[in-house]
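Below: one structure, written as C-alpha cells.
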Amino acid sequence: MRFYSHKILISAVLLLFVACITSQTAHAEGTASIEGRIVDTVDGLPLADAYVTISRTPHWTVADELGRFSFGSLQPGVYEIAVSHVGYQPDETTTIVVTSEMTSNVTIRLASHPIELPRVTVQSDAVPTEGVFSGGHVISSNVLRKSKANDIATVLEREGLAVISSDGAPGSRKTVTLRGSASDQVLVLLDGVPLNEASNATADLAQISLTEVQRIEVYPQAPSSLGANAIGGVINIITLKPGFNKVRLEAGFSQYGERQASATFGRAVGGWDILSVIEHRESSGEYRYQIVPDDGLDLFTRNLGSAFTRKNADYRRDFITVKLNPDSIFSFGFRKTMLFRHNPDYLPEPILEHESTTEDDRQELFLTVSEDSSWFRPEMHVSIENYKQVTTTDYGESFPLLYDKSELTGEAYNAKLSWHRTVSHWQNVHFGAGVRFERLWSGDLTGGYAERLHEYGYYQLSGDPFKEMNFPFRTGLFTGVRADLYRDEQAFVHPRLGLEIGGGSRIYWALHGEFAGAYRLPSFNSLFWQEDLQAEGNPNLKPERSWNEELSIRLGCSFAELGIAYFNREVRDLIYWRLDFDNHWKPLNIYEAWIYGTEYTLRGNTGDGPFRTELSLSHRWMRALNTSGEPNTDGKMLTYRPENSSTFALRQYVRSLSFDLSARWMDRRYTTEANTKSLSPYKVWDGGVSWEIKLKSSKSILILNARVNNIFDENYRIIAGAPVVLREYWFSVSFEH
C-alpha cells in the first residue's frame, strides 16, 4: 500500500508538469502578441492600474489587479513599452522583439517615487489574495513593520483578529482560535501549504519566523480555494518572494535572557533573484511567574502571590530559508526549522520536579511554476515536507517508571494546479485541483503509523456583474464550491455564497452577507492513539461538520471606519476528549455546538504628516454553547471560550519617533464542561517606543525599539496550570538598506 501511494503521487506530479509544458506549447501557436506584468522593484508585488503604451503607436492598456497587460494582433518588429503609475518612477526604456505567430513575455519593474500632494491624503488598503469580496482581513507588510512584534501570534492578538493559547513560557507552543473555534479547527497555511500537524491537527505559530512574512490574511469564513479542514476559518501566511531587493538585519534581547538575531538578504545576482532569511532565537530560562488561586498549583505550599523563577524554561530555534528565481517561470526554495525547548515544570514542590524536553526538526523543499500573463498556463506548486519530533519526560532515579520518550516522524507531499484570472466584470475567477499525501510514524499510534491521501478541487467566482447597469451603488457577488475526497472514500462537497452592496465616496458604506459549509477530519492521535494507562484513540470517530453564516456592515470616511459583524456557526459531531467509564481519556463525537456573536471594530487616523495618530478598538461578544441535550452540559459554555474579549491599540507619531500602547481584555473562561471551574478575567497592557533614523544614504534606515510587555505586572492564566510571563522589557535594533 505504501509503494502504491507513492506511485500515485509521483504519477500525478508528472502529469501536472507535462500538462503545464503542453499548455505552453499550445499557447505558442497563437498570433503575434505581447504579454507582461508590472511589479514593484522592492518586493515583487503586482502593481494594478499601471498605464501601459507602445511608443509611437495607438496601442495602450491598463494593467489589471494582478499587474497583467497584453497587446494582440501585432506585426513582427521591435517595440518600446512605456509604463507609468502614480507614486512610481516611469519606465520608458523596455524594448521587446515580436516574432511572427509568437507571444513575447516581459516583466517590468517600477521603483517607488513618492509624490507629495499638499493637503491631500491617498490611502490604499491591501486586498486579500482571494479577492475584495472574500471577507478576508489583511495585516499588510506596513502594519507588520510598524507593530515591532516579536512573533506572528503577538501580531494577530494585537490586531484583535484571533485569540492565542500558550503555556506562557518563552518559546512555547502558540495555537490560534477564531470566533470561538477550537485551535484544531483553524487551518493555518504557509504560502498555501497546511501547517496543521497530522498528529493533533493544530498549527504551532512559534515554528514560523516573522522575519520571512510579507503579509497575513485572516478569513473567519474559509474561501472555497482554501477551505479544507477549516470549520474555524483560515489564516494564510504569505512569505517574501525572490525579487525582494533589500538587506535587513535585526537583533534584540529581553531582561529574562531571551535573545534574537535575524538577517534577510534579497538581491538580483547574475539574472537570478535570490532571497535568504536566517533567524536564531534562544532563552536562558529566566522565567518569572506567580502562584494564584486559579492555578491549583499551590497544593503543597499555599503561598499565593509568591514569585518563582524557573531555570528550565529555555529554548533554541534556528530558522533558514533560501529561495531562487532564475529569471524564468520557475522558482524554488528550501526551508528548515530546528527547535529545542524545555517544557517548564511549575509545581513549587521540588520533589515532583522533572526534566521534560521537546526537539523538533522540520524541512521543506518546494517548486513553483508561474506565469500570470499566460491564460493557458496555470500556476503549479509542488512541495515535499519532512519532520521529526522527540519528546522526553524524566522524573529522575526516584521515579524510573515515569520516564517516557516519544518519537514522531512524518512526511507530506503536495501538488497543486490553479488558475487565477479576470474575465469581464468578474475580478476573480479562480479554480484549481490538487493532491496531498501525508504519513506519520509513531510508537504511540496503533499499528505504528497512519497515512492519509487527500484529493481536492474547487471553483470560486467574485466580481460585479451589474457594473454597466448604472446602479447608484456597487454590488459584489461571490460564490464557490469545493470538493474533497479521501482514500477511505469520505467525500465532502461544500458550497459558499455571498453578496456585498456598497456605495459612497467621501462617506462610504457596505453591507456584506454570506453562508458556507465546512468540515474537519479527526486527527491521527484521535483516531489511532495506542492505548496506554491514560488514553486511547477512537477509530470510529465521525468528521465534524458545520454551517457558517455572517452578516456585516461597514461605515466610514477618510479618517475613520466603524464595522459591526454578526456571525453564527453550528457544528455537528464535535470531537471532544473526555474520561470514559474505565477512567481513560478518549475522543468522542459527544455533542453539537452553537457559536454565535457580534464583533465591533473602530479604526481611525489623523492622516499623514509628522504628527499623526492611529487608533483601533475591537470588541467581541460571543456565546459558544453545548447543545447536546446532556443533563450536565446542555446549554453550558464550551471550555476556554470567553463571552467578552476586547483589544485596543494607539500609535502616536512625532516625526521620526513613534509611541504605541496596546491592551487586551479577556472575560472569564470555563475549564470544565459543566462550567464548575473557570479562569479569572484579565487585562494586559503593552507599550513601546521606536526611533527611525535615516542614515546619510537615503536608502538606509536604522530603527531603535524598546518595549514593555505586561506593563502593570498582571498575573493571569491563558490555560489552566500554565502561568505567563510577568512584566518583561524588550530592546531591539534593526537596519534596512
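Each chain of the C-alpha cells is named A, B, ... in the order shown, its residues numbered from 1; ligands are numbered from 1 in display order.
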
Give one line per residue of range 159-220 of chain A that approaches range 524-534 of chain A to at most 10 Å, naming the two atoms of the closest pair and their distance in Å to one decimal, counting only C-alpha atoms; sort by chain then ascending residue number and deliver it as a Markdown table.
```
| residue | atom | partner | partner_atom | distance |
| --- | --- | --- | --- | --- |
| A:Glu197 | CA | A:Phe524 | CA | 9.3 |
| A:Ala198 | CA | A:Phe524 | CA | 6.0 |
| A:Ser199 | CA | A:Phe524 | CA | 4.9 |
| A:Asn200 | CA | A:Asn525 | CA | 5.8 |
| A:Ala201 | CA | A:Phe524 | CA | 8.0 |
```

How about saving the chosen residues, C-alpha atoms kept, as a PDB file, in the first residue's frame?
```pdb
ATOM      1  CA  GLU A 197       0.166  18.808  12.261  1.00  0.00           C
ATOM      2  CA  ALA A 198      -1.321  15.458  11.286  1.00  0.00           C
ATOM      3  CA  SER A 199      -0.896  14.138  14.825  1.00  0.00           C
ATOM      4  CA  ASN A 200      -3.083  16.686  16.668  1.00  0.00           C
ATOM      5  CA  ALA A 201      -4.484  18.855  13.806  1.00  0.00           C
TER       6      ALA A 201
END
```

**Complete:** Among A:Gly77, A:Leu324, A:Ile164, A:Leu453, Ala182 in chain A is approached most closely, using only C-alpha atoms, by A:Ile164

**Message:** Could you tell me how far CA of Val322 in chain A sits from CA of Ala251 in chain A, in Å to one decimal place?
**Reply:** 20.2 Å

**Request:** List every residue of range 197-399 of chain A that DSSP, applied to the backbone, labels as helix (DSSP H, G or I), and write the result as a ChimeraX atom specification.
**Result:** /A:205-207,210-212,350-352

Using C-alpha atoms, can you export the residues from the last selection as a PDB file, in the first residue's frame?
```
ATOM      1  CA  LEU A 205       2.738  29.553  15.295  1.00  0.00           C
ATOM      2  CA  ALA A 206       6.015  29.519  17.243  1.00  0.00           C
ATOM      3  CA  GLN A 207       7.506  27.427  14.405  1.00  0.00           C
ATOM      4  CA  LEU A 210       8.016  36.580  11.397  1.00  0.00           C
ATOM      5  CA  THR A 211      11.140  37.804   9.592  1.00  0.00           C
ATOM      6  CA  GLU A 212      10.121  35.987   6.407  1.00  0.00           C
ATOM      7  CA  PRO A 350      10.834  20.194  44.196  1.00  0.00           C
ATOM      8  CA  ILE A 351      10.046  16.515  44.943  1.00  0.00           C
ATOM      9  CA  LEU A 352       7.959  16.269  41.769  1.00  0.00           C
TER      10      LEU A 352
END
```

**Prompt:** Skipping near chain neighbours, those fewer than 2 positions away, what residues fall within 6 Å of Trp585 in chain A using only C-alpha atoms, listed as a ChimeraX atom specification?
**Reply:** /A:535,578-579

Residues from the last selection, C-alpha atoms, saved as a PDB file, in the first residue's frame:
```
ATOM      1  CA  ALA A 535      -5.717   7.424  26.964  1.00  0.00           C
ATOM      2  CA  ARG A 578     -13.314  13.064  27.964  1.00  0.00           C
ATOM      3  CA  LEU A 579     -12.972  10.346  30.617  1.00  0.00           C
TER       4      LEU A 579
END
```

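Residue nearest Gly517 in chain A within the list A:Asn583, A:Asn229, A:Ser546, A:Asn325: A:Ser546 [criterion: smallest interatomic distance, only C-alpha atoms].
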
**Asked** Any idea what's packed within 9 Å of Ile718 in chain A, counting only C-alpha atoms, ignoring anything in its chain fewer than 3 positions away? Could you give it as a PyMOL selection string?
**Response** chain A and resi 164-168+640+669+679+721-724

**Item:** Distance query Gly160 in chain A at most 9 Å, only C-alpha atoms, self and fewer than 6 positions along chain excluded, as a PyMOL selection string
**Value:** chain A and resi 601+617-620+645-648+664

**Message:** So that I can check the surroundings of Tyr566 in chain A, please list as a PyMOL selection string every protein, DNA and RNA residue that reaches within 6 Å of it, counting only C-alpha atoms and ignoring chain neighbours fewer than 4 positions away.
**Reply:** chain A and resi 550-551+597-598

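You can rank A:Asn150, A:Ser331, A:Thr264, A:Ser172 by their closest distance to Ala706 in chain A using only C-alpha atoms, and at the top of that list sits A:Asn150.
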
**Prompt:** Near range 231-239 of chain A, counting only C-alpha atoms, which residues have an atom at most 7 Å away, once you skip same-chain residues fewer than 6 positions from it, shown as JSON, numbers by chain?
**Reply:** {"A": [178, 181, 185, 186, 187, 188, 189, 190, 191, 192, 212, 213, 214, 215, 216, 217, 218, 219, 220, 221, 222, 518, 519, 520, 546]}

**Item:** range 345-494 of chain A: residues DSSP assigns to strand (DSSP E or B), reported as a PyMOL selection string
**Value:** chain A and resi 355-369+379-394+404-423+426-442+445+449-463+474-486+491-494

**Message:** Considering only C-alpha atoms, can you say which of A:Ser558, A:Ser700, A:Thr639, A:Ser141 comes closest to Lys677 in chain A?
**Reply:** A:Thr639
